[in-house]
Each structure stands twice: as structure tokens, then as C-alpha cells.
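Structure below is structure.txt: compact mmCIF, C-alpha atoms.
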```
# COMPACT_ATOMS: atom_id res chain seq x y z
CA MET A 173 -16.76 0.17 -0.60
CA GLU A 174 -15.52 -3.34 0.02
CA PRO A 175 -12.63 -3.44 2.49
CA ARG A 176 -9.85 -4.50 0.17
CA ILE A 177 -6.90 -3.20 -1.83
CA SER A 178 -6.35 -4.37 -5.40
CA LEU A 179 -3.16 -2.54 -6.29
CA VAL A 180 -0.40 -0.68 -4.51
CA THR A 181 1.43 1.55 -6.98
CA LEU A 182 4.76 3.04 -6.01
CA GLY A 183 6.07 6.10 -7.80
CA VAL A 184 9.68 5.56 -8.80
CA ASP A 185 12.44 7.69 -10.26
CA ASP A 186 14.25 4.92 -12.14
CA LEU A 187 12.03 2.07 -13.29
CA PRO A 188 14.75 -0.45 -14.23
CA ARG A 189 16.48 0.15 -10.90
CA ALA A 190 13.22 -0.31 -9.00
CA ARG A 191 12.32 -3.46 -10.92
CA GLY A 192 15.82 -4.82 -10.37
CA PHE A 193 15.53 -4.26 -6.65
CA TYR A 194 12.31 -6.27 -6.27
CA GLU A 195 13.51 -8.97 -8.65
CA ALA A 196 16.76 -9.31 -6.67
CA LEU A 197 14.51 -10.11 -3.71
CA GLY A 198 12.76 -12.83 -5.69
CA TRP A 199 9.68 -11.03 -7.01
CA ARG A 200 8.76 -11.62 -10.65
CA GLY A 201 7.69 -8.56 -12.58
CA GLN A 202 5.93 -8.16 -15.87
CA ALA A 203 6.61 -5.01 -17.86
CA VAL A 204 3.51 -3.44 -19.38
CA GLN A 205 4.21 -0.25 -21.28
CA ASP A 206 5.87 2.06 -18.76
CA THR A 207 4.91 0.05 -15.69
CA VAL A 208 5.99 -3.16 -14.00
CA PHE A 209 3.37 -5.39 -12.34
CA PHE A 210 4.10 -7.94 -9.63
CA GLN A 211 1.45 -10.39 -8.42
CA ALA A 212 1.69 -10.13 -4.63
CA GLY A 213 -0.71 -12.53 -3.00
CA GLY A 214 -4.24 -11.35 -3.72
CA LEU A 215 -3.18 -7.98 -5.06
CA ALA A 216 -0.58 -6.42 -7.31
CA LEU A 217 2.39 -4.20 -6.56
CA VAL A 218 2.99 -1.82 -9.44
CA LEU A 219 5.99 0.38 -10.21
CA TRP A 220 5.47 3.48 -12.32
CA SER A 221 7.26 6.75 -12.93
CA ARG A 222 6.52 9.16 -10.10
CA GLU A 223 5.61 11.92 -12.58
CA LEU A 224 3.31 9.77 -14.70
CA LEU A 225 1.63 8.28 -11.64
CA ALA A 226 0.99 11.73 -10.22
CA ALA A 227 -0.41 12.98 -13.52
CA ASP A 228 -2.62 9.90 -13.83
CA SER A 229 -3.96 10.67 -10.37
CA GLY A 230 -4.79 14.28 -11.18
CA LEU A 231 -2.02 15.50 -8.88
CA GLU A 232 0.97 17.75 -9.21
CA ALA A 233 4.15 15.76 -9.47
CA ALA A 234 6.39 16.46 -6.54
CA PRO A 235 9.95 15.46 -5.92
CA ALA A 236 10.60 12.49 -3.68
CA PRO A 237 10.14 13.62 -0.11
CA HIS A 238 13.19 13.62 2.09
CA GLY A 239 12.61 10.92 4.61
CA PHE A 240 9.11 9.75 5.25
CA ASP A 241 6.46 9.74 2.53
CA GLY A 242 3.61 8.85 4.87
CA VAL A 243 3.02 5.23 3.92
CA VAL A 244 4.68 2.05 5.19
CA LEU A 245 4.21 -1.35 3.61
CA ALA A 246 4.87 -4.40 5.74
CA GLN A 247 5.56 -8.03 5.19
CA ASN A 248 4.97 -10.32 8.13
CA VAL A 249 7.14 -13.41 8.26
CA ARG A 250 6.93 -16.75 10.02
CA TYR A 251 10.11 -16.75 12.10
CA PRO A 252 12.17 -14.02 13.75
CA ALA A 253 15.28 -15.10 11.81
CA GLU A 254 13.49 -14.23 8.56
CA VAL A 255 13.48 -10.59 9.63
CA ASP A 256 17.27 -10.54 9.80
CA ALA A 257 17.60 -12.45 6.55
CA LEU A 258 15.25 -10.18 4.62
CA LEU A 259 16.76 -6.96 5.91
CA ALA A 260 20.19 -8.22 4.89
CA ALA A 261 18.94 -9.27 1.46
CA ALA A 262 17.23 -5.91 0.95
CA LYS A 263 20.40 -4.06 1.93
CA ASP A 264 22.42 -6.16 -0.51
CA ALA A 265 19.88 -5.30 -3.21
CA GLY A 266 20.21 -1.56 -2.62
CA ALA A 267 17.88 -0.75 0.26
CA THR A 268 18.69 1.51 3.19
CA VAL A 269 17.95 -0.03 6.55
CA THR A 270 16.41 2.73 8.66
CA LYS A 271 15.52 0.62 11.66
CA PRO A 272 17.66 -2.41 12.42
CA ALA A 273 15.84 -5.55 13.51
CA GLY A 274 14.88 -5.52 17.13
CA LYS A 275 12.26 -6.55 19.62
CA THR A 276 8.97 -4.69 19.42
CA PHE A 277 6.70 -3.49 22.22
CA TYR A 278 4.09 -6.09 21.24
CA GLY A 279 6.44 -9.02 21.71
CA GLY A 280 7.50 -9.32 18.11
CA TYR A 281 10.68 -8.69 16.15
CA ALA A 282 10.90 -6.24 13.26
CA GLY A 283 13.00 -3.82 11.24
CA THR A 284 12.44 -1.36 8.40
CA PHE A 285 14.14 -0.51 5.14
CA LEU A 286 13.61 2.02 2.36
CA ASP A 287 13.59 0.74 -1.20
CA PRO A 288 15.73 2.65 -3.74
CA ASP A 289 12.91 5.17 -4.23
CA GLY A 290 12.41 5.80 -0.54
CA HIS A 291 9.33 3.63 0.00
CA ALA A 292 9.34 2.11 3.48
CA TRP A 293 8.92 -1.60 4.17
CA GLU A 294 8.73 -3.10 7.61
CA ILE A 295 9.64 -6.77 7.92
CA ALA A 296 7.95 -8.12 11.02
CA TRP A 297 7.47 -11.27 12.99
CA ASN A 298 4.32 -10.75 15.01
CA PRO A 299 3.17 -13.76 17.03
CA GLY A 300 -0.23 -12.11 17.59
CA PHE A 301 -1.28 -12.18 13.93
CA THR A 302 -2.20 -15.28 11.97
CA LEU A 303 -0.20 -15.82 8.81
CA ALA A 304 -1.88 -18.45 6.64
CA GLU A 305 0.11 -20.84 4.50
CA ASP A 306 -0.76 -18.81 1.40
CA GLY A 307 0.57 -15.64 3.04
CA THR A 308 -2.81 -14.20 3.95
CA LEU A 309 -2.71 -12.10 7.12
CA VAL A 310 -5.67 -12.49 9.47
CA LEU A 311 -6.09 -10.01 12.28
CA PRO A 312 -7.19 -11.25 15.67
CA ASP A 313 -10.39 -10.01 17.24
CA PHE A 314 -8.91 -7.30 19.41
CA GLY A 315 -12.25 -6.88 21.14
CA ALA A 316 -12.03 -3.26 20.11
CA MET B 112 11.27 -12.41 0.09
CA GLU B 113 7.85 -13.78 -0.73
CA PRO B 114 5.93 -11.52 -3.12
CA ARG B 115 3.21 -10.30 -0.81
CA ILE B 116 2.14 -7.39 1.38
CA SER B 117 0.80 -8.01 4.89
CA LEU B 118 0.01 -4.48 5.99
CA VAL B 119 -0.39 -1.06 4.43
CA THR B 120 -0.02 1.60 7.11
CA LEU B 121 -1.10 5.14 6.35
CA GLY B 122 0.26 8.02 8.38
CA VAL B 123 -2.58 10.29 9.46
CA ASP B 124 -2.86 13.66 11.15
CA ASP B 125 -6.20 13.04 12.88
CA LEU B 126 -6.88 9.42 13.77
CA PRO B 127 -10.60 9.71 14.62
CA ARG B 128 -11.21 11.63 11.39
CA ALA B 129 -9.32 9.03 9.36
CA ARG B 130 -11.12 6.14 11.03
CA GLY B 131 -14.44 7.87 10.50
CA PHE B 132 -13.72 8.29 6.82
CA TYR B 133 -13.06 4.59 6.20
CA GLU B 134 -15.96 3.53 8.42
CA ALA B 135 -18.29 5.87 6.52
CA LEU B 136 -17.32 3.87 3.44
CA GLY B 137 -18.25 0.62 5.18
CA TRP B 138 -14.91 -0.59 6.53
CA ARG B 139 -14.84 -1.92 10.09
CA GLY B 140 -11.89 -0.81 12.19
CA GLN B 141 -10.53 -2.10 15.45
CA ALA B 142 -8.68 0.37 17.67
CA VAL B 143 -5.51 -1.02 19.19
CA GLN B 144 -3.66 1.50 21.33
CA ASP B 145 -2.96 4.44 19.02
CA THR B 146 -3.73 2.60 15.79
CA VAL B 147 -6.78 1.40 13.92
CA PHE B 148 -6.66 -1.91 12.03
CA PHE B 149 -8.97 -2.89 9.19
CA GLN B 150 -8.99 -6.39 7.72
CA ALA B 151 -8.82 -5.77 3.98
CA GLY B 152 -8.97 -9.05 2.11
CA GLY B 153 -5.77 -10.95 2.79
CA LEU B 154 -3.99 -8.01 4.39
CA ALA B 155 -4.64 -5.20 6.83
CA LEU B 156 -4.93 -1.47 6.33
CA VAL B 157 -3.65 0.37 9.37
CA LEU B 158 -4.03 4.01 10.40
CA TRP B 159 -1.43 5.53 12.69
CA SER B 160 -0.20 8.99 13.58
CA ARG B 161 2.18 10.23 10.90
CA GLU B 162 4.76 11.20 13.55
CA LEU B 163 4.63 7.91 15.44
CA LEU B 164 4.73 5.88 12.24
CA ALA B 165 7.78 7.79 11.04
CA ALA B 166 9.53 7.34 14.37
CA ASP B 167 8.70 3.63 14.39
CA SER B 168 10.26 3.38 10.95
CA GLY B 169 13.48 5.09 11.98
CA LEU B 170 12.63 8.13 9.86
CA GLU B 171 12.32 11.83 10.45
CA ALA B 172 8.73 12.85 10.69
CA ALA B 173 7.84 15.18 7.87
CA PRO B 174 4.75 17.25 7.31
CA ALA B 175 2.17 15.93 4.89
CA PRO B 176 3.42 16.59 1.40
CA HIS B 177 1.46 19.02 -0.70
CA GLY B 178 -0.07 16.96 -3.42
CA PHE B 179 1.39 13.61 -4.27
CA ASP B 180 3.06 11.43 -1.64
CA GLY B 181 4.36 8.89 -4.13
CA VAL B 182 2.00 5.99 -3.45
CA VAL B 183 -1.43 5.22 -4.90
CA LEU B 184 -3.72 2.50 -3.57
CA ALA B 185 -6.35 1.12 -5.88
CA GLN B 186 -9.52 -0.80 -5.57
CA ASN B 187 -10.74 -2.56 -8.67
CA VAL B 188 -14.49 -2.99 -8.94
CA ARG B 189 -16.79 -5.24 -10.93
CA TYR B 190 -18.84 -2.71 -12.90
CA PRO B 191 -18.13 0.74 -14.30
CA ALA B 192 -21.05 2.21 -12.35
CA GLU B 193 -19.32 1.22 -9.11
CA VAL B 194 -16.57 3.70 -9.93
CA ASP B 195 -19.05 6.58 -9.97
CA ALA B 196 -20.80 5.33 -6.84
CA LEU B 197 -17.59 4.93 -4.84
CA LEU B 198 -16.16 8.30 -5.87
CA ALA B 199 -19.42 9.95 -4.82
CA ALA B 200 -19.47 8.09 -1.51
CA ALA B 201 -15.85 9.00 -0.82
CA LYS B 202 -16.55 12.66 -1.58
CA ASP B 203 -19.53 12.60 0.78
CA ALA B 204 -17.28 11.09 3.45
CA GLY B 205 -14.70 13.87 3.13
CA ALA B 206 -12.44 12.85 0.25
CA THR B 207 -11.21 15.16 -2.49
CA VAL B 208 -11.77 13.82 -5.98
CA THR B 209 -8.62 14.64 -7.95
CA LYS B 210 -9.51 12.79 -11.12
CA PRO B 211 -13.17 12.44 -12.02
CA ALA B 212 -14.27 9.08 -13.37
CA GLY B 213 -13.49 8.64 -17.02
CA LYS B 214 -12.42 6.16 -19.64
CA THR B 215 -8.84 4.93 -19.41
CA PHE B 216 -6.35 4.23 -22.19
CA TYR B 217 -6.58 0.49 -21.46
CA GLY B 218 -10.31 0.34 -22.08
CA GLY B 219 -11.37 0.67 -18.47
CA TYR B 220 -13.08 3.34 -16.38
CA ALA B 221 -11.49 4.93 -13.33
CA GLY B 222 -11.15 7.95 -11.08
CA THR B 223 -9.04 8.97 -8.09
CA PHE B 224 -9.63 10.57 -4.72
CA LEU B 225 -7.48 11.66 -1.80
CA ASP B 226 -8.53 10.54 1.66
CA PRO B 227 -8.62 13.24 4.39
CA ASP B 228 -4.87 12.78 4.97
CA GLY B 229 -3.95 13.07 1.32
CA HIS B 230 -3.51 9.37 0.54
CA ALA B 231 -4.54 8.61 -3.03
CA TRP B 232 -7.00 5.88 -4.00
CA GLU B 233 -7.89 4.98 -7.53
CA ILE B 234 -11.21 3.25 -8.07
CA ALA B 235 -11.00 1.31 -11.31
CA TRP B 236 -12.97 -0.99 -13.50
CA ASN B 237 -10.42 -2.87 -15.58
CA PRO B 238 -11.83 -5.57 -17.84
CA GLY B 239 -8.32 -6.98 -18.38
CA PHE B 240 -7.80 -8.07 -14.78
CA THR B 241 -9.56 -10.94 -13.05
CA LEU B 242 -11.39 -10.02 -9.87
CA ALA B 243 -12.31 -13.16 -7.94
CA GLU B 244 -15.48 -13.41 -5.91
CA ASP B 245 -13.46 -12.92 -2.70
CA GLY B 246 -11.94 -9.71 -4.09
CA THR B 247 -8.59 -11.23 -5.00
CA LEU B 248 -7.01 -9.55 -8.01
CA VAL B 249 -5.26 -11.85 -10.46
CA LEU B 250 -3.04 -10.32 -13.10
CA PRO B 251 -3.11 -11.72 -16.61
CA ASP B 252 -0.02 -13.19 -18.19
CA PHE B 253 1.08 -10.14 -20.12
CA GLY B 254 3.67 -12.23 -21.94
CA ALA B 255 6.18 -9.73 -20.66
```

Please rewrite the model in this file as C-alpha cells.
Amino acid sequence: MEPRISLVTLGVDDLPRARGFYEALGWRGQAVQDTVFFQAGGLALVLWSRELLAADSGLEAAPAPHGFDGVVLAQNVRYPAEVDALLAAAKDAGATVTKPAGKTFYGGYAGTFLDPDGHAWEIAWNPGFTLAEDGTLVLPDFGA
Amino acid sequence: MEPRISLVTLGVDDLPRARGFYEALGWRGQAVQDTVFFQAGGLALVLWSRELLAADSGLEAAPAPHGFDGVVLAQNVRYPAEVDALLAAAKDAGATVTKPAGKTFYGGYAGTFLDPDGHAWEIAWNPGFTLAEDGTLVLPDFGA
């Protein structure tokens, strides 16, 4: 299995609301049948009804968990001030900030929000990771 | 907010087991304190204790949901036969196949497994999407 991810699909309870949230943040979605696709660097973020996504995965649909669903997406940014700006923009667009921006143990600066369907996003400035001009994240060799 | 994802962090209940699963599939992890990082194309997949990840996100830790946690990762592959091969390899490595490989409504071929912590992965051959040599997925213009 090649080490890569082609799609990240988020189960949502209200597709127009979810699409509106990401578009308010500047993403550009394309509606395809009951889904919305966003090109996101070298992969796609997809929004789809939680029930239909579960059924398509051979799983029982379950209500949105209260609190943490076990997965956190992150976007690393180029300057600490972008963390504050993005958390504020996400809040304005309907997100819930669960961790206000603050210094991290690794010398960075980060905060976390939940999108309207409870999916967690961390916005982080991490001086230890390389962020290429095209947005590609390159891990250091941790020697581990 | 730029349309991109830098990290996908999966909450896990047994870090060595989770790392072993992805390494059995050919991924190469680096342990950094209590986490394991995998370079995955232009982003990183990260494994971290479900409790610590929740706490770091300002959320209440919650037990692993039964069934669907609301997020599905996907890897698109180049040939239909790769879908069968990857599902078999994942099963051998400890995954649970929840949707056996089969034809999809969009003319592709796909199946889904859960990793040992219940995170869903679809393995898909989709002739409508461009998969670059470096693994980058490029969506078509759906005219939508």
C-alpha cells in the first residue's frame, strides 16, 4: 500500500450547511450527486451524508458522537498570526473553537475548532515542519 | 483558509498495534514522543492516543464509537486488481473488511476496511479521477 491518502470524506448532517461553511472559508466545492468535492492540494475533501457514507462503507450509521470522533485534521500555516486569523474566520463561519490559539509544547502556536458537523481541525504553526510553497508538508527526519 | 490538509491524526487505543498495522502495509513511521508520524504524499498521517488527542483538541475523550466514526479515508489505486490485493493485505495485517470489493455506481471498483482502531479506509479504482505518478489525486471539472 503506497503511503498516501487520496480522499478524506466527512459525514455530515446537513450538506448545504457543511458546504457553506467550507466555502465561507474560501474553499471551492463541486456538487456531484449527493456529495460535494473540494480539491485540497494533492487530495480531495469530500462531504457526504453521514448515513449514506456509513452505508457505502458497510457500516451501521450512528449518530454524531458527542465530542470527539477520533480523527483530527490539521492545516499548518506559515505564520503564527494565521492561526488567530483562521480560528476567527472559522468561528464567524459557524465553527466552535474548542482550543483557543496558544503556544504548544513543541515551540509552535496552534488552536482547534469543530466544523458544524463536529469534525475537528487544528490550525498550527509548527516551525519544525517544512511547508512548501504549494502547501505540501514535509516531515523532518526525526531520527526515529 | 487555503484548501489543503497538512495532517490527518487518528486516535488509537494501542499505539504499537496501530503502528504495526500501517508498517505491515509498507508505510514507514517515525516515533516522536507518544506519536507516530508517516509521510503520506504531501501530508502526514499521525497516530496518537485517543485520550491525548482529544485532550489536545480541547475535547472530552470518548470511547471508540461502535461502528462508524464519521470519517472515511480513501486511497485511490491505478488498477482494479490493486483493490483486491490491498483489501487482502489489510485483512492479513489485522483490518476488518466491512465492504468487500465490488463494482461501484460510478463505474469503478472499491471496498472498505476498518483499521484496528476502527478508522475506515476505502480502497478505490475510479477511472474518472486522475491519479498522477506521484500519487496526487486531481478531480475532474464536474461542471458543478

Residue contacts of stretch 301-314 of chain A (12 Å, only C-alpha atoms) excluding same-chain residues fewer than 6 positions away, as number ranges by chain: A: 212-215, 246-251, 278-280; B: 112-119, 139-144, 146-157, 247

Counting all atoms listed in the file, which residue out of A:Ser221, A:Thr270, A:Thr276, A:Ser229 sits closest to A:Trp293? A:Thr270

Who sits within 8 Å of B:Leu158, only C-alpha atoms, same chain under 5 positions skipped, as a PyMOL selection string: chain B and resi 120-123+126+129-130+146-148

Please return, as an MDAnalysis selection string, all polymer residues that have at least one atom within 12 Å of the point (-13.7, 16.5, -4.6); use all atoms listed in the file and the file's own coordinate frame. (chainID A and resid 230) or (chainID B and resid 198:212 222:227 229)

For chain A, the nearest of the candidates B:Leu136, B:Ala196, B:Pro238, B:Ala221, counting only C-alpha atoms: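 Nearest to chain A: B:Leu136.
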
B:Val182, B:Ala135, B:Ile234, B:Leu163 ranked by distance to chain A, top pick (using only C-alpha atoms):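 The shortest atom-to-atom distance to chain A comes from B:Val182.
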
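Put simply, atom CA of B:Gly239 is 23.4 Å away from atom CA of A:Arg222.
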
Between atom CA of B:Ala173 and atom CA of A:Glu294, distance in Å (one decimal): 18.3 Å

When you draw a straight line from atom CA of B:Pro127 to atom CA of B:Asp228, how long is it in Å? 11.6 Å

Among B:Asp180, B:Arg128, B:Ala235, B:Ala166, chain A is approached most closely, using only C-alpha atoms, by B:Asp180

Counting only C-alpha atoms, the residue among B:Trp159, B:Ala192, B:Ala231, B:Asp124 that lies closest to B:Phe179 is B:Ala231

A:Leu231, A:Trp297, A:Val255, A:Tyr281 ranked by distance to chain B, top pick (using all atoms listed in the file):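 Among the listed residues, A:Leu231 lies closest to chain B.
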